[in-house]
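Here's the structure, in structure tokens; my notes come after.
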Amino acid sequence: MTNLSPPPNHRQLLIGMAQVALSSFGGGLSAWSQRIVVDQRRWMSDEQFLTGLTVARLFPGPNQINMAVYIGAYFQGLTGAMAALAGILLTPFSLLMALGLIYFQVHQIPAVDRVLAGVVAAAAGMALSMGFRILGSYWRDPIALALAAATFVALVVVQVRLIPLVLVAGPVAMAWYWPRPGSPGGVASK
Amino acid sequence: MMEACTQLRQGDWSQLLEVIRTFLSLSLFSLGGGNTLLAEYHHLSVDQYCWLTPSQFADLYALAEAAPGPSSMIVGLLGMGAAWREGPLWALLSAYAAELAVLLPSTLLMVLASLSWNMLKDSPWRLAFERGMGPITLGILFSVGVKILQTSNHGLPAYAVSIAVCVLMLRTRLSPLWFMAVAGLLGGLGVINR
């Protein structure tokens with residue numbers, strides 16, 4: 001199980017990530033990424049991959065793109081990250097650009113607009129579900145819920161912009177959650 | 001409602017630079033996978049710079065969700081909208097510039113993070129950031145949901161569809177493409193208006 005392949009070079013990173021992008025047409029980018037990088041190509045162990053996923057989720061940027069950057073940087077540094085990034089983005093982005101060009105040509109046709117009105121309502125439902133999806137993890141932490149509620153009110157009711165909000169609320173929340181010896185889940189266990 | 005907002009006419013190049021500057025400065029604020037920036041994208045491209053009408057923004061969001069790949073690629077579409085009246089070639093240039101601009105800072109930071117993870121792993125900064133940003137991300141995601149809902153929908157049938165899709169997204173593992181296809185059909189039949 002532990003016999004990994006030799007580290008991929010730039011070309012292999014590009015092709016491997018392009019394969020991830022193509023396989024995931026229809027969904028499941030994260031699962032495909034693990035299947036190809038860990039099971040098929042054996043570049044990383046499961047453990048290494050999951051560490052990468054943790055880093056990718058923690059830092060700003062789209063998770064799946066960050067994961068590709070992590071894989072590229074892990075093996076080949078900055079240039080490897082660029083190769084992996086190009087691999088994961090080129091096909092889907094080109095396709096999206098083609099769709100965009102078509103959209104701007106045809107969106108004023110009434111029939112197209114009617115269909116889009118429906119699709120847009122469905123997409124709005126998807127946007128609404130994003131918050132509910134992670135709500136469960138905070139359900140038992142009243143402070144977290146209060147922070148979330150305050151953030152929501154600041155953005156929606158007071159209409160504070162995102163950047164000042166994050167710059168103010170971020171440090172406050174970090175200070176509250178700063179690991180203290182003896183606090184649950186703190187560094188006391190070490 | 002129309003023409004409430006008119007795009008400032010300026011040179012092609014300064015327009016492009018504005019697009020780049022806008023998305024460069026937002027990049028590092030894309031917490032929780034990037035969707036947290038959607039309401040900000042709406043504010044900038046619809047209210048502030050008038051690149052798009054509200055319904056165009058909603059359309060582009062739906063397009064980015066329906067197309068394969070990370071939905072954060074909507075930034076490319078916004079860049080395209082910003083330069084559409086200069087012609088398709090400028091629109092494409094602006095689209096690529098916008099996407100690169102929004103990805104560059106977060107990518108560079110991610111490279112640094114990958115290379116120094118062993119040092120960061122047990123740092124109190126990391127633990128505090130991880131726990132502290134979670135609730136803020138939660139609040140932002142709900143505000144994004146409300147914003148997209150307001151932008152996208154007019155009328156009861158549209159809201160009913162959105163809420164049904166939201167529940168189905170949480171309760172089933174069906175591909176969202178099915179929901180979009182059915183809703184598109186309902187729209188085509190004239191059930192959903194805007």
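Residue names in the structure tokens use chain letters A, B, ... in the order shown, residue numbers from 1 in each chain, and ligand numbers from 1 in the order shown.
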Give me, as a VMD selection string, all polymer residues having an atom no more than 7 Å from segment 53-61 of chain B, counting only C-alpha atoms and skipping those fewer than 2 positions away in the same chain. (chain A and resid 116 120) or (chain B and resid 42 46 63 to 65 74 77 151 to 152)
Tell me, as number ranges by chain, which residues lie within 9 Å of Trp178 of chain A, counting only C-alpha atoms; anything in the same chain fewer than 2 positions away does not count. A: 173-176, 180, 186; B: 124-125, 127-129, 131-132
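Atom to atom, atom CA of Arg42 of chain A and atom CA of Leu22 of chain A stand 18.7 Å apart.
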What's the 7 Å shell around segment 91-101 of chain A, counting only C-alpha atoms, without same-chain residues fewer than 5 positions away, as a short mmCIF file (atom, residue, chain, number, x, y, z; two decimals) with C-alpha atoms, in the first residue's frame?
```cif
data_model
loop_
_atom_site.label_atom_id
_atom_site.label_comp_id
_atom_site.auth_asym_id
_atom_site.auth_seq_id
_atom_site.Cartn_x
_atom_site.Cartn_y
_atom_site.Cartn_z
CA ALA B 67 -21.08 24.31 -15.69
CA PRO B 68 -18.51 21.72 -14.61
CA GLY B 69 -15.62 22.89 -12.46
CA MET B 73 -15.04 30.61 -11.99
CA LEU B 77 -17.92 35.63 -16.42
#
```
Per DSSP on the backbone, what are the alpha helix (DSSP H) residues of chain A, as number ranges by chain? A: 10-23, 29-34, 46-58, 63-106, 110-135, 142-156, 162-176
Determine, counting only C-alpha atoms, which protein, DNA and RNA residues have an atom within 9 Å of an atom of Val111 of chain B; residues of the same chain fewer than 3 positions away are not included. Present the result as an MDAnalysis selection string. (chainID A and resid 66 69:70 72:74 77:78 81) or (chainID B and resid 106:108 114:116)
Have a look at A:Tyr177, A:Phe152, A:Phe132, A:Trp139 and name the one nearest to Val167 of chain B; count only C-alpha atoms. A:Phe132
Kindly give the distance, in Å, that separates atom CA of Leu149 of chain B and atom CA of Gln64 of chain A, rounded to a single decimal. 25.2 Å
Kindly indicate which residue among A:Ala117, A:Ser24, A:Phe75, A:Met67 lies nearest to Ser5 of chain A, using only C-alpha atoms for the distances.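 Distance minimum relative to Ser5 of chain A lands on A:Phe75.
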Which one of B:Leu156, B:Leu186, B:Met169, B:Leu138 sits closest to Gly32 of chain B if you count only C-alpha atoms?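 Of the candidates, the smallest distance to Gly32 of chain B is held by B:Leu138.
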Name the closest residue to Val153 of chain A among the candidates A:Leu165, A:Met44, A:Val20, A:Leu29; distances are taken between atoms, counting only C-alpha atoms.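 Residue with the minimum atom-to-atom distance to Val153 of chain A: A:Leu165.
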Excluding same-chain residues fewer than 5 positions from Pro88 of chain B, what lies within 10 Å of it counting only C-alpha atoms, as a PyMOL selection string? (chain A and resi 101+104-105) or (chain B and resi 80-81+83+93-94)
Please, what distance in Å, to one decimal, runs between atom CA of Ile71 of chain A and atom CA of Asn118 of chain B? 15.3 Å
Within 10 Å of segment 16-29 of chain B using only C-alpha atoms, minus same-chain residues under 5 positions, as a PyMOL selection string: (chain A and resi 59-62+162-163+166-167) or (chain B and resi 10-11+34+36-37+40-41+44-45+49+75+78-80+82-83+90-91+93-107+109)
Counting only C-alpha atoms, the residue of B:Leu120, B:Val191, B:Met180, B:Leu89 that sits nearest chain A: B:Met180
If we count only C-alpha atoms and set the cut-off at 8 Å, which residues sit around segment 7-17 of chain A, ignoring sequence neighbours fewer than 3 positions away in its own chain? Please answer as a ChimeraX atom specification. /A:20-21,33,36-37,43,68,72,75-76,79-80,83-88
Selected residues, N, CA and C atoms, written as a PDB file, in the first residue's frame, please.
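In the end it all went to result01.pdb:
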```
ATOM      1  N   VAL A  20      -8.184  15.051 -13.567  1.00  0.00           N
ATOM      2  CA  VAL A  20      -9.132  15.266 -12.465  1.00  0.00           C
ATOM      3  C   VAL A  20     -10.285  16.141 -12.933  1.00  0.00           C
ATOM      4  N   ALA A  21      -9.935  17.239 -13.615  1.00  0.00           N
ATOM      5  CA  ALA A  21     -10.969  18.182 -14.070  1.00  0.00           C
ATOM      6  C   ALA A  21     -11.945  17.503 -15.027  1.00  0.00           C
ATOM      7  N   SER A  33     -10.350  13.845  -7.354  1.00  0.00           N
ATOM      8  CA  SER A  33      -8.992  14.270  -7.094  1.00  0.00           C
ATOM      9  C   SER A  33      -8.278  13.216  -6.249  1.00  0.00           C
ATOM     10  N   ILE A  36      -7.696   9.866  -8.257  1.00  0.00           N
ATOM     11  CA  ILE A  36      -6.630   9.905  -9.263  1.00  0.00           C
ATOM     12  C   ILE A  36      -5.259  10.082  -8.614  1.00  0.00           C
ATOM     13  N   VAL A  37      -5.169  11.003  -7.658  1.00  0.00           N
ATOM     14  CA  VAL A  37      -3.858  11.312  -7.073  1.00  0.00           C
ATOM     15  C   VAL A  37      -3.378  10.189  -6.142  1.00  0.00           C
ATOM     16  N   TRP A  43       0.704   9.194  -6.224  1.00  0.00           N
ATOM     17  CA  TRP A  43       1.640  10.278  -5.916  1.00  0.00           C
ATOM     18  C   TRP A  43       1.713  10.501  -4.411  1.00  0.00           C
ATOM     19  N   ALA A  68      -5.248  21.605  -5.768  1.00  0.00           N
ATOM     20  CA  ALA A  68      -4.352  21.415  -6.910  1.00  0.00           C
ATOM     21  C   ALA A  68      -3.042  22.173  -6.674  1.00  0.00           C
ATOM     22  N   GLY A  72       0.708  20.528  -6.496  1.00  0.00           N
ATOM     23  CA  GLY A  72       1.798  21.016  -7.343  1.00  0.00           C
ATOM     24  C   GLY A  72       2.969  21.531  -6.526  1.00  0.00           C
ATOM     25  N   PHE A  75       5.235  18.876  -4.685  1.00  0.00           N
ATOM     26  CA  PHE A  75       6.239  18.136  -5.456  1.00  0.00           C
ATOM     27  C   PHE A  75       7.235  19.029  -6.169  1.00  0.00           C
ATOM     28  N   GLN A  76       6.783  20.173  -6.693  1.00  0.00           N
ATOM     29  CA  GLN A  76       7.663  20.978  -7.539  1.00  0.00           C
ATOM     30  C   GLN A  76       7.673  22.456  -7.178  1.00  0.00           C
ATOM     31  N   THR A  79       6.521  26.583  -9.373  1.00  0.00           N
ATOM     32  CA  THR A  79       6.228  26.272 -10.780  1.00  0.00           C
ATOM     33  C   THR A  79       5.340  25.036 -10.882  1.00  0.00           C
ATOM     34  N   GLY A  80       5.532  24.077  -9.967  1.00  0.00           N
ATOM     35  CA  GLY A  80       4.659  22.907  -9.950  1.00  0.00           C
ATOM     36  C   GLY A  80       3.227  23.308  -9.656  1.00  0.00           C
ATOM     37  N   ALA A  83       1.706  24.659 -12.770  1.00  0.00           N
ATOM     38  CA  ALA A  83       1.368  23.593 -13.718  1.00  0.00           C
ATOM     39  C   ALA A  83       0.071  22.908 -13.297  1.00  0.00           C
ATOM     40  N   ALA A  84      -0.048  22.602 -11.993  1.00  0.00           N
ATOM     41  CA  ALA A  84      -1.248  21.922 -11.508  1.00  0.00           C
ATOM     42  C   ALA A  84      -2.475  22.814 -11.672  1.00  0.00           C
ATOM     43  N   LEU A  85      -2.282  24.102 -11.395  1.00  0.00           N
ATOM     44  CA  LEU A  85      -3.378  25.069 -11.520  1.00  0.00           C
ATOM     45  C   LEU A  85      -3.869  25.136 -12.972  1.00  0.00           C
ATOM     46  N   ALA A  86      -2.911  25.213 -13.894  1.00  0.00           N
ATOM     47  CA  ALA A  86      -3.281  25.246 -15.309  1.00  0.00           C
ATOM     48  C   ALA A  86      -4.032  23.974 -15.673  1.00  0.00           C
ATOM     49  N   GLY A  87      -3.555  22.849 -15.163  1.00  0.00           N
ATOM     50  CA  GLY A  87      -4.185  21.570 -15.486  1.00  0.00           C
ATOM     51  C   GLY A  87      -5.634  21.517 -15.035  1.00  0.00           C
ATOM     52  N   ILE A  88      -5.890  21.969 -13.809  1.00  0.00           N
ATOM     53  CA  ILE A  88      -7.250  21.812 -13.284  1.00  0.00           C
ATOM     54  C   ILE A  88      -8.204  22.844 -13.866  1.00  0.00           C
TER      55      ILE A  88
END
```
